[in-house]
>>> print(open('my_file-v5.cif').read())   # mmCIF, C-alpha atoms
data_input
#
loop_
_atom_site.label_atom_id
_atom_site.label_comp_id
_atom_site.auth_asym_id
_atom_site.auth_seq_id
_atom_site.Cartn_x
_atom_site.Cartn_y
_atom_site.Cartn_z
CA MET Q 9 26.24 -13.16 24.41
CA GLN Q 10 23.39 -13.79 26.82
CA ILE Q 11 20.16 -11.85 26.57
CA THR Q 12 16.69 -12.72 27.79
CA LYS Q 13 13.55 -12.68 25.64
CA ASP Q 14 12.10 -9.76 27.56
CA LYS Q 15 15.08 -7.68 26.38
CA CYS Q 16 15.98 -8.99 22.90
CA THR Q 17 14.32 -6.91 20.17
CA GLY Q 18 15.34 -9.22 17.32
CA CYS Q 19 17.18 -6.39 15.54
CA GLY Q 20 19.66 -8.93 14.12
CA ALA Q 21 22.83 -6.86 14.55
CA CYS Q 22 24.51 -9.71 16.43
CA ALA Q 23 23.97 -12.15 13.54
CA ASP Q 24 25.32 -9.71 10.94
CA ILE Q 25 28.44 -8.82 12.94
CA CYS Q 26 29.52 -12.41 13.67
CA PRO Q 27 32.78 -13.02 11.74
CA ALA Q 28 32.30 -16.78 11.93
CA ALA Q 29 28.66 -16.65 10.74
CA ALA Q 30 27.88 -18.70 13.84
CA ILE Q 31 24.69 -16.83 14.81
CA ALA Q 32 21.40 -17.47 13.05
CA MET Q 33 18.10 -15.72 13.63
CA GLU Q 34 15.59 -18.51 14.32
CA HIS Q 35 11.85 -18.41 14.94
CA ASP Q 36 10.70 -19.48 18.38
CA ASP Q 37 7.39 -21.24 19.07
CA GLU Q 38 5.61 -17.86 19.16
CA GLY Q 39 6.86 -16.97 15.68
CA PHE Q 40 9.47 -14.35 16.67
CA LEU Q 41 13.10 -14.25 15.54
CA TYR Q 42 15.81 -14.72 18.17
CA PRO Q 43 19.58 -15.20 17.80
CA LEU Q 44 20.88 -18.73 18.16
CA ALA Q 45 24.62 -19.38 18.35
CA GLY Q 46 25.77 -22.63 16.79
CA GLU Q 47 29.00 -24.39 16.01
CA GLY Q 48 31.86 -22.16 14.97
CA CYS Q 49 31.44 -19.55 17.70
CA THR Q 50 34.87 -18.27 18.72
CA ASP Q 51 33.69 -16.26 21.77
CA CYS Q 52 35.04 -13.06 20.18
CA GLY Q 53 32.38 -11.02 21.99
CA LEU Q 54 31.40 -8.85 19.02
CA CYS Q 55 27.76 -9.88 19.29
CA GLY Q 56 27.52 -8.47 22.79
CA LYS Q 57 29.31 -5.27 21.80
CA VAL Q 58 26.83 -4.43 19.03
CA CYS Q 59 23.70 -5.38 20.97
CA PRO Q 60 21.76 -2.14 21.61
CA GLU Q 61 20.11 -3.72 24.64
CA LEU Q 62 23.23 -5.02 26.36
CA ARG Q 63 25.15 -1.85 25.48
CA PRO Q 64 22.55 0.85 24.84
CA LEU Q 65 23.06 3.85 22.58
CA THR Q 66 22.98 7.36 23.94
CA LEU Q 67 19.57 8.50 22.74
CA ARG Q 68 18.35 12.00 21.92
CA ASP Q 69 15.48 13.85 23.56
CA MET Q 70 12.51 14.55 21.32
CA PRO Q 71 12.37 18.10 19.90
CA ASP Q 72 9.94 20.61 21.41
CA GLU Q 73 8.43 21.29 17.99
CA VAL Q 74 7.22 18.71 15.48
CA PHE Q 75 5.61 18.98 12.06
CA ALA Q 76 2.37 17.95 10.43
CA VAL Q 77 3.26 17.20 6.82
CA TRP Q 78 1.34 16.04 3.77
CA HIS Q 79 2.27 15.62 0.13
CA ASN Q 80 0.65 18.19 -2.18
CA ASP Q 81 0.02 15.48 -4.78
CA ASP Q 82 -3.08 13.58 -3.60
CA SER Q 83 -2.09 10.46 -5.58
CA GLU Q 84 1.23 10.32 -3.70
CA ARG Q 85 -0.55 10.98 -0.40
CA LEU Q 86 -3.14 8.25 -0.94
CA ALA Q 87 -0.44 5.76 -1.94
CA ALA Q 88 1.28 6.28 1.42
CA SER Q 89 0.11 5.22 4.87
CA SER Q 90 0.05 8.74 6.28
CA GLY Q 91 0.94 12.00 4.52
CA GLY Q 92 3.60 10.74 2.13
CA PHE Q 93 6.67 12.34 3.72
CA PHE Q 94 8.75 9.16 3.50
CA ARG Q 95 8.16 9.07 -0.26
CA ILE Q 96 9.64 12.59 -0.58
CA LEU Q 97 12.69 11.57 1.46
CA ALA Q 98 13.18 8.42 -0.59
CA LYS Q 99 12.81 10.15 -3.96
CA THR Q 100 15.30 12.83 -2.93
CA VAL Q 101 17.91 10.26 -1.94
CA ILE Q 102 17.37 8.21 -5.11
CA LYS Q 103 17.63 11.28 -7.35
CA GLY Q 104 20.96 12.06 -5.69
CA GLY Q 105 22.32 8.63 -6.62
CA GLY Q 106 21.81 7.15 -3.18
CA ALA Q 107 20.16 4.00 -1.86
CA VAL Q 108 17.01 3.51 0.20
CA ILE Q 109 16.66 0.64 2.64
CA GLY Q 110 13.30 -0.42 3.99
CA ALA Q 111 10.94 -3.31 4.66
CA ALA Q 112 8.85 -5.05 1.99
CA PHE Q 113 7.06 -8.37 1.58
CA ASP Q 114 8.77 -11.11 -0.41
CA GLU Q 115 6.90 -13.59 -2.63
CA ASN Q 116 5.87 -15.59 0.45
CA PHE Q 117 4.66 -12.50 2.35
CA THR Q 118 7.56 -12.62 4.76
CA LEU Q 119 8.56 -9.08 5.65
CA ARG Q 120 12.25 -8.45 4.90
CA HIS Q 121 14.54 -5.47 4.70
CA GLY Q 122 15.94 -4.76 1.25
CA VAL Q 123 17.87 -2.20 -0.79
CA ALA Q 124 16.53 -0.05 -3.64
CA ARG Q 125 18.54 2.11 -6.05
CA ASP Q 126 15.58 3.41 -8.09
CA TRP Q 127 12.07 4.68 -7.36
CA GLU Q 128 10.32 1.51 -8.54
CA GLY Q 129 12.37 -0.46 -6.04
CA CYS Q 130 11.38 1.98 -3.27
CA LYS Q 131 7.63 1.72 -3.75
CA PRO Q 132 7.22 -1.54 -1.75
CA PHE Q 133 8.88 0.15 1.26
CA SER Q 134 6.05 2.67 1.47
CA GLY Q 135 3.01 1.87 3.56
CA SER Q 136 2.49 0.41 7.03
CA LYS Q 137 3.26 -3.23 7.72
CA TYR Q 138 2.33 -4.15 11.27
CA LEU Q 139 4.97 -6.85 11.59
CA GLN Q 140 8.60 -7.37 12.51
CA SER Q 141 10.86 -7.56 9.46
CA ASN Q 142 13.80 -9.91 8.95
CA THR Q 143 17.02 -7.84 8.71
CA GLU Q 144 19.35 -10.70 7.73
CA GLY Q 145 22.38 -9.26 5.94
CA ILE Q 146 21.01 -5.71 5.76
CA TYR Q 147 23.51 -4.10 8.13
CA LYS Q 148 26.38 -5.57 6.12
CA GLU Q 149 24.84 -4.22 2.91
CA THR Q 150 24.36 -0.79 4.48
CA ALA Q 151 27.99 -0.68 5.60
CA ALA Q 152 29.21 -1.73 2.14
CA LEU Q 153 27.19 1.02 0.46
CA LEU Q 154 28.46 3.67 2.87
CA ASN Q 155 32.04 2.46 2.50
CA SER Q 156 31.74 2.85 -1.29
CA GLY Q 157 30.58 6.46 -0.93
CA VAL Q 158 26.84 5.91 -1.50
CA LYS Q 159 24.42 7.94 0.58
CA VAL Q 160 21.85 5.77 2.34
CA LEU Q 161 18.38 6.37 3.76
CA PHE Q 162 17.59 3.59 6.24
CA SER Q 163 14.08 3.16 7.60
CA GLY Q 164 12.90 0.75 10.26
CA THR Q 165 11.69 0.38 13.82
CA PRO Q 166 13.61 2.32 16.49
CA CYS Q 167 15.35 -0.85 17.69
CA GLN Q 168 16.47 -1.67 14.13
CA VAL Q 169 17.91 1.84 13.70
CA ALA Q 170 19.72 1.40 17.02
CA GLY Q 171 21.03 -1.97 15.82
CA LEU Q 172 22.38 -0.37 12.66
CA HIS Q 173 24.17 2.39 14.57
CA LYS Q 174 25.75 -0.16 16.90
CA PHE Q 175 26.79 -2.33 13.94
CA LEU Q 176 28.43 0.65 12.22
CA GLY Q 177 30.11 1.80 15.42
CA GLY Q 178 28.27 5.13 15.46
CA ALA Q 179 26.72 7.68 13.09
CA ARG Q 180 28.12 7.91 9.56
CA GLY Q 181 28.25 11.02 7.37
CA GLY Q 182 26.36 9.61 4.40
CA LEU Q 183 23.72 7.83 6.45
CA TYR Q 184 20.22 9.19 7.10
CA THR Q 185 17.87 7.24 9.32
CA CYS Q 186 14.17 7.38 10.00
CA ASP Q 187 12.33 5.31 12.56
CA ILE Q 188 8.61 4.91 13.12
CA ILE Q 189 6.31 5.50 16.05
CA CYS Q 190 5.93 1.85 16.96
CA SER Q 191 3.03 0.29 18.86
CA GLY Q 192 4.93 -2.97 19.30
CA VAL Q 193 5.55 -5.73 16.78
CA PRO Q 194 3.07 -8.60 16.51
CA SER Q 195 4.19 -12.13 15.78
CA PRO Q 196 5.13 -12.82 12.14
CA GLY Q 197 4.17 -16.41 12.83
CA VAL Q 198 0.65 -15.45 13.85
CA PHE Q 199 0.27 -13.28 10.76
CA GLY Q 200 1.60 -15.96 8.42
CA LYS Q 201 -0.85 -18.50 9.77
CA TYR Q 202 -3.68 -15.97 9.61
CA LEU Q 203 -2.91 -15.22 5.96
CA LYS Q 204 -2.81 -18.93 5.16
CA GLY Q 205 -6.27 -19.20 6.70
CA LEU Q 206 -7.55 -16.43 4.44
CA GLU Q 207 -6.03 -18.15 1.40
CA HIS Q 208 -7.85 -21.37 2.35
CA ARG Q 209 -11.09 -19.47 2.90
CA PHE Q 210 -10.92 -17.67 -0.47
CA GLY Q 211 -9.49 -20.63 -2.38
CA ALA Q 212 -6.42 -18.94 -3.82
CA LYS Q 213 -2.97 -17.58 -3.02
CA ALA Q 214 -2.70 -14.00 -1.83
CA GLU Q 215 -1.26 -11.64 -4.43
CA SER Q 216 -1.09 -8.45 -2.36
CA VAL Q 217 -1.54 -7.33 1.24
CA ASN Q 218 -2.28 -3.73 2.24
CA PHE Q 219 -2.61 -2.91 5.92
CA ARG Q 220 -3.76 0.66 5.24
CA ASP Q 221 -5.78 0.64 2.02
CA LYS Q 222 -7.08 4.19 1.50
CA SER Q 223 -9.34 3.48 -1.49
CA GLY Q 224 -12.51 3.81 0.63
CA LYS Q 225 -13.86 6.22 3.21
CA ARG Q 226 -11.76 4.66 5.99
CA PRO Q 227 -8.43 2.80 5.79
CA ARG Q 228 -8.88 -0.95 5.51
CA PHE Q 229 -6.84 -4.14 5.65
CA THR Q 230 -7.10 -5.51 2.11
CA VAL Q 231 -5.88 -8.80 0.66
CA LYS Q 232 -6.23 -9.53 -3.06
CA PHE Q 233 -6.14 -13.14 -4.26
CA ALA Q 234 -5.01 -14.81 -7.45
CA ASN Q 235 -8.59 -15.80 -8.37
CA GLY Q 236 -9.71 -12.16 -8.41
CA LYS Q 237 -11.39 -12.22 -5.01
CA THR Q 238 -10.71 -9.56 -2.37
CA TYR Q 239 -10.93 -9.52 1.42
CA SER Q 240 -11.25 -5.99 2.80
CA LYS Q 241 -12.13 -4.93 6.32
CA GLU Q 242 -11.09 -2.29 8.84
CA LEU Q 243 -7.90 -3.67 10.37
CA TYR Q 244 -9.04 -3.69 13.98
CA ASP Q 245 -12.23 -5.51 13.01
CA THR Q 246 -10.18 -8.45 11.69
CA ASP Q 247 -9.01 -11.23 13.99
CA PHE Q 248 -5.37 -10.26 13.41
CA GLY Q 249 -5.92 -6.53 13.92
CA TYR Q 250 -8.05 -7.09 17.00
CA GLY Q 251 -5.45 -9.33 18.65
CA PHE Q 252 -2.66 -6.93 17.70
CA GLY Q 253 -4.51 -3.94 19.11
CA ALA Q 254 -5.27 -5.87 22.29
CA GLY Q 255 -1.56 -6.67 22.77
CA LEU Q 256 -2.16 -10.43 22.76
CA PHE Q 257 0.78 -11.42 20.57
CA LEU Q 258 3.37 -8.64 20.76
CA ARG Q 259 7.06 -9.43 21.13
CA ARG Q 260 7.99 -9.76 24.81
CA SER Q 261 10.59 -6.96 24.67
CA CYS Q 262 8.08 -4.40 23.35
CA GLY Q 263 6.71 -3.82 26.83
CA ASN Q 264 10.22 -2.72 27.90
CA CYS Q 265 10.92 -0.54 24.83
CA ARG Q 266 13.57 2.05 25.63
CA TYR Q 267 12.59 4.06 22.52
CA ALA Q 268 9.08 4.75 23.84
CA ASP Q 269 10.35 6.90 26.68
CA GLY Q 270 10.75 10.28 25.01
CA LYS Q 271 14.05 9.27 23.41
CA ARG Q 272 14.93 8.58 19.77
CA ALA Q 273 17.81 7.03 17.83
CA ALA Q 274 17.07 8.27 14.29
CA ASP Q 275 17.42 11.52 12.35
CA PHE Q 276 13.68 11.47 11.60
CA THR Q 277 10.75 9.90 13.42
CA LEU Q 278 7.65 9.32 11.28
CA GLY Q 279 4.08 8.34 12.03
CA ASP Q 280 0.44 9.34 11.64
CA PHE Q 281 -0.49 12.67 13.16
CA TRP Q 282 -3.49 11.47 15.16
CA GLY Q 283 -5.44 14.21 16.93
CA LEU Q 284 -4.10 17.00 14.74
CA GLU Q 285 -5.83 20.23 15.77
CA ILE Q 286 -5.84 21.95 12.38
CA PRO Q 287 -8.23 21.42 9.45
CA HIS Q 288 -7.17 18.62 7.11
CA ASP Q 289 -8.55 15.72 5.11
CA ALA Q 290 -8.04 12.86 7.58
CA ARG Q 291 -8.86 10.17 5.00
CA LYS Q 292 -5.90 11.17 2.86
CA GLY Q 293 -3.51 11.05 5.82
CA VAL Q 294 -1.09 13.42 7.55
CA SER Q 295 2.47 12.57 8.53
CA LEU Q 296 3.84 13.36 11.95
CA VAL Q 297 7.48 14.28 11.39
CA MET Q 298 9.99 14.72 14.19
CA VAL Q 299 13.41 16.02 13.16
CA ASN Q 300 15.77 14.78 15.86
CA THR Q 301 19.23 15.80 14.60
CA GLU Q 302 21.03 18.67 12.91
CA LYS Q 303 21.71 16.36 9.97
CA GLY Q 304 17.97 15.76 9.67
CA ARG Q 305 17.23 19.48 9.80
CA ASN Q 306 19.76 20.19 7.05
CA MET Q 307 18.25 17.49 4.86
CA MET Q 308 14.69 18.71 5.42
CA GLU Q 309 15.66 22.25 4.36
CA LYS Q 310 16.90 20.88 1.03
CA LEU Q 311 13.82 18.83 0.19
CA PRO Q 312 11.76 19.91 -2.85
CA PRO Q 313 8.65 22.00 -2.04
CA GLU Q 314 6.26 19.13 -2.73
CA TYR Q 315 4.55 19.13 0.65
CA THR Q 316 2.60 21.30 3.08
CA ILE Q 317 4.21 21.65 6.49
CA ALA Q 318 2.67 22.94 9.71
CA PRO Q 319 4.78 23.29 12.89
CA ARG Q 320 3.00 21.85 15.94
CA PRO Q 321 3.85 21.52 19.66
CA LEU Q 322 5.28 18.22 20.86
CA SER Q 323 2.46 17.95 23.41
CA GLU Q 324 -0.09 17.67 20.59
CA ALA Q 325 1.89 14.88 18.95
CA VAL Q 326 2.20 12.96 22.22
CA ALA Q 327 -1.52 13.33 22.95
CA GLY Q 328 -2.35 11.50 19.73
CA ASN Q 329 0.62 9.13 19.83
CA PRO Q 330 1.20 7.98 23.42
CA ARG Q 331 3.74 5.39 22.21
CA LEU Q 332 6.22 8.26 21.97
CA ILE Q 333 6.50 8.25 25.76
CA LYS Q 334 5.03 4.95 26.93
CA PRO Q 335 5.60 1.36 25.71
CA PRO Q 336 2.63 -0.81 24.79
CA ALA Q 337 1.27 -2.98 27.57
CA HIS Q 338 1.09 -6.72 27.07
CA ASN Q 339 -2.31 -8.26 27.56
CA PRO Q 340 -2.33 -10.35 30.78
CA LYS Q 341 -3.84 -13.15 28.67
CA ARG Q 342 -0.82 -13.25 26.34
CA ASP Q 343 0.57 -16.57 27.57
CA GLU Q 344 -2.90 -18.07 27.71
CA PHE Q 345 -3.45 -16.98 24.12
CA PHE Q 346 -0.28 -18.65 22.83
CA GLY Q 347 -1.17 -21.79 24.75
CA ALA Q 348 -4.57 -21.87 23.04
CA TYR Q 349 -3.17 -20.83 19.66
CA SER Q 350 -0.76 -23.76 19.33
CA GLY Q 351 -2.40 -26.16 16.90
CA SER Q 352 -5.50 -23.99 16.54
CA THR Q 353 -6.71 -20.99 14.54
CA LEU Q 354 -6.52 -17.33 15.50
CA GLU Q 355 -10.31 -17.08 15.71
CA LYS Q 356 -10.56 -20.06 18.06
CA ALA Q 357 -7.66 -18.87 20.22
CA LEU Q 358 -9.31 -15.47 20.64
CA GLY Q 359 -12.50 -17.21 21.70
CA ALA Q 360 -10.60 -19.44 24.12
CA VAL Q 361 -9.30 -16.42 26.04
CA GLY Q 362 -12.70 -14.71 26.09
CA MET Q 363 -11.98 -12.26 23.28
CA GLY Q 364 -14.07 -13.76 20.52
CA LYS Q 365 -16.77 -12.29 18.30
CA VAL Q 366 -19.43 -11.74 20.98
CA ARG Q 367 -17.12 -9.74 23.21
CA ARG Q 368 -15.89 -7.75 20.20
CA VAL Q 369 -19.42 -6.85 19.13
CA VAL Q 370 -20.27 -5.69 22.68
CA GLY Q 371 -17.07 -3.62 22.74
CA LYS Q 372 -17.93 -2.03 19.40
CA ILE Q 373 -21.43 -1.09 20.62
CA LYS Q 374 -19.94 0.46 23.77
CA ARG Q 375 -17.51 2.52 21.67
CA ARG Q 376 -20.37 3.83 19.56
CA VAL Q 377 -22.44 4.71 22.63
CA ARG Q 378 -19.51 6.59 24.16
CA GLY Q 379 -18.96 8.41 20.88
#
>>> encode(input="my_file-v5.cif", output="structure tokens")
Amino acid sequence: MQITKDKCTGCGACADICPAAAIAMEHDDEGFLYPLAGEGCTDCGLCGKVCPELRPLTLRDMPDEVFAVWHNDDSERLAASSGGFFRILAKTVIKGGGAVIGAAFDENFTLRHGVARDWEGCKPFSGSKYLQSNTEGIYKETAALLNSGVKVLFSGTPCQVAGLHKFLGGARGGLYTCDIICSGVPSPGVFGKYLKGLEHRFGAKAESVNFRDKSGKRPRFTVKFANGKTYSKELYDTDFGYGFGAGLFLRRSCGNCRYADGKRAADFTLGDFWGLEIPHDARKGVSLVMVNTEKGRNMMEKLPPEYTIAPRPLSEAVAGNPRLIKPPAHNPKRDEFFGAYSGSTLEKALGAVGMGKVRRVVGKIKRRVRG
């Protein structure tokens, strides 16, 4: 298998399918996972066959009508990143004896996909994590569950859902998938180093990380430390959030995303309903739900009446979520940033490419004046 970095999404399907276990997902010098074939490769070609970039899936057009959805229980809604629709899906699957697969932080704050068979195990999957997760072994586990007759709800980025479908050889009856409206995945390496810097600054190990903490008037990026201290700030006012939003350290393939072109691979597409033109409590969050398949529609009709649902035109969803039809653009200073970042801190690297604190303050003032 040969694939360039501007195409490889890091979905990991090639590593999971290899019968000789000859492919490992290794971090490059930018902190992203890429497949590396080692000794034992038999040139069977399976890795190329399951690659959703080398052999793309047939994707579905987005529906003309979408839904604004929010959980009727405010505690459930506030615990979620948006309106809590994923939590309803997950609970329904768990109550039916199924399994839920999603991304959660491990003890080292590395984002990994895992499997849950009860609601407690599902809770870490809820909430936004603006990172690329490690999917090592997860497609094999999904296949094993389906082969044993267990219904599965799989959630991930669109490229991960595509990787799963390619690994399985197509859609499966007991499988339900939901992807997210993705703005590109920032470097896990950059985030890991940033978090280490916060731990040094606050003098203790991080105990929890919440990218969308809704406990205040506006969502905040909140880190709680073992010594009782807390760092909490609006995400895009942090060095990590600012660099992420500016596209400085996104994965190279994100700018060529085939799933940000009005096409989807999953039964459901979930996100925040930005720009919703009906009255709602924005602080509590509203889910944008796209139902892309007949299987998804049948499942939605059977969900318990725990949420409010408002049909909306696709054009309204796209207006607030342009990533549905257009990939994120890489910052032209991306390579310069990574050159400055090697051996330095995120704050210093931002300053080195002219995107430090002074420029950020000026930008913030301009946004307020425009508003």
>>> closest_residue(input="my_file-v5.cif", among="Q:Gly255, Q:Gly359, Q:Gly145, Q:Gly106", to="Met33 of chain Q", atoms="all atoms listed in the file")
Q:Gly145
>>> closest_atom_pairs(input="my_file-v5.cif", of="segment 62-180 of chain Q", to="segment 221-226 of chain Q", cutoff="10 Å", atoms="only C-alpha atoms", output="JSON lines")
{"residue": "Q:Arg85", "atom": "CA", "partner": "Q:Lys222", "partner_atom": "CA", "distance": 9.6}
{"residue": "Q:Leu86", "atom": "CA", "partner": "Q:Lys222", "partner_atom": "CA", "distance": 6.2}
{"residue": "Q:Ala87", "atom": "CA", "partner": "Q:Lys222", "partner_atom": "CA", "distance": 7.6}
{"residue": "Q:Ala88", "atom": "CA", "partner": "Q:Lys222", "partner_atom": "CA", "distance": 8.6}
{"residue": "Q:Ser89", "atom": "CA", "partner": "Q:Asp221", "partner_atom": "CA", "distance": 8.0}
{"residue": "Q:Ser90", "atom": "CA", "partner": "Q:Lys222", "partner_atom": "CA", "distance": 9.7}
{"residue": "Q:Gly135", "atom": "CA", "partner": "Q:Asp221", "partner_atom": "CA", "distance": 9.0}
{"residue": "Q:Ser136", "atom": "CA", "partner": "Q:Asp221", "partner_atom": "CA", "distance": 9.7}
>>> write_last_selection(input="my_file-v5.cif", atoms="C-alpha atoms", output="PDB file, in the coordinates of the input")
ATOM      1  CA  ARG Q  85      -0.550  10.980  -0.400  1.00  0.00           C
ATOM      2  CA  LEU Q  86      -3.140   8.250  -0.940  1.00  0.00           C
ATOM      3  CA  ALA Q  87      -0.440   5.760  -1.940  1.00  0.00           C
ATOM      4  CA  ALA Q  88       1.280   6.280   1.420  1.00  0.00           C
ATOM      5  CA  SER Q  89       0.110   5.220   4.870  1.00  0.00           C
ATOM      6  CA  SER Q  90       0.050   8.740   6.280  1.00  0.00           C
ATOM      7  CA  GLY Q 135       3.010   1.870   3.560  1.00  0.00           C
ATOM      8  CA  SER Q 136       2.490   0.410   7.030  1.00  0.00           C
TER       9      SER Q 136
END
>>> resolve_selection(input="my_file-v5.cif", expression="the PyMOL selection byres ((chain Q and resi 290-297) around 10)", output="number ranges by chain")
Q: 73-79, 82-94, 186, 188-189, 222-227, 276-284, 287-289, 298-300, 316-320, 325, 329
>>> resolve_selection(input="my_file-v5.cif", expression="the PyMOL selection byres ((chain Q and resi 40) around 7)", output="PyMOL selection string")
chain Q and resi 35-36+38-39+41-42+195-197
>>> atom_distance(input="my_file-v5.cif", atom1="atom CA of Leu332 of chain Q", atom2="atom CA of Val58 of chain Q")
24.4 Å
>>> atom_distance(input="my_file-v5.cif", atom1="atom CA of Leu154 of chain Q", atom2="atom CA of Ile25 of chain Q")
16.0 Å
>>> resolve_selection(input="my_file-v5.cif", expression="the PyMOL selection byres ((chain Q and resi 141) around 9)", output="list in words")
Cys19, Ala111, Ala112, Phe113, Thr118, Leu119, Arg120, His121, Lys137, Leu139, Gln140, Asn142, Thr143, Gly164 and Pro196 of chain Q
>>> residues_around(input="my_file-v5.cif", residues="Ala124 of chain Q", least_positions_apart="5", cutoff="8 Å", atoms="only C-alpha atoms", output="JSON, numbers by chain")
{"Q": [107, 108, 109, 129, 130]}
>>> closest_residue(input="my_file-v5.cif", among="Q:Lys99, Q:Arg305, Q:Lys334, Q:Lys341", to="Pro71 of chain Q", atoms="only C-alpha atoms")
Q:Arg305
>>> atom_distance(input="my_file-v5.cif", atom1="atom CA of Ala337 of chain Q", atom2="atom CA of Gly263 of chain Q")
5.6 Å
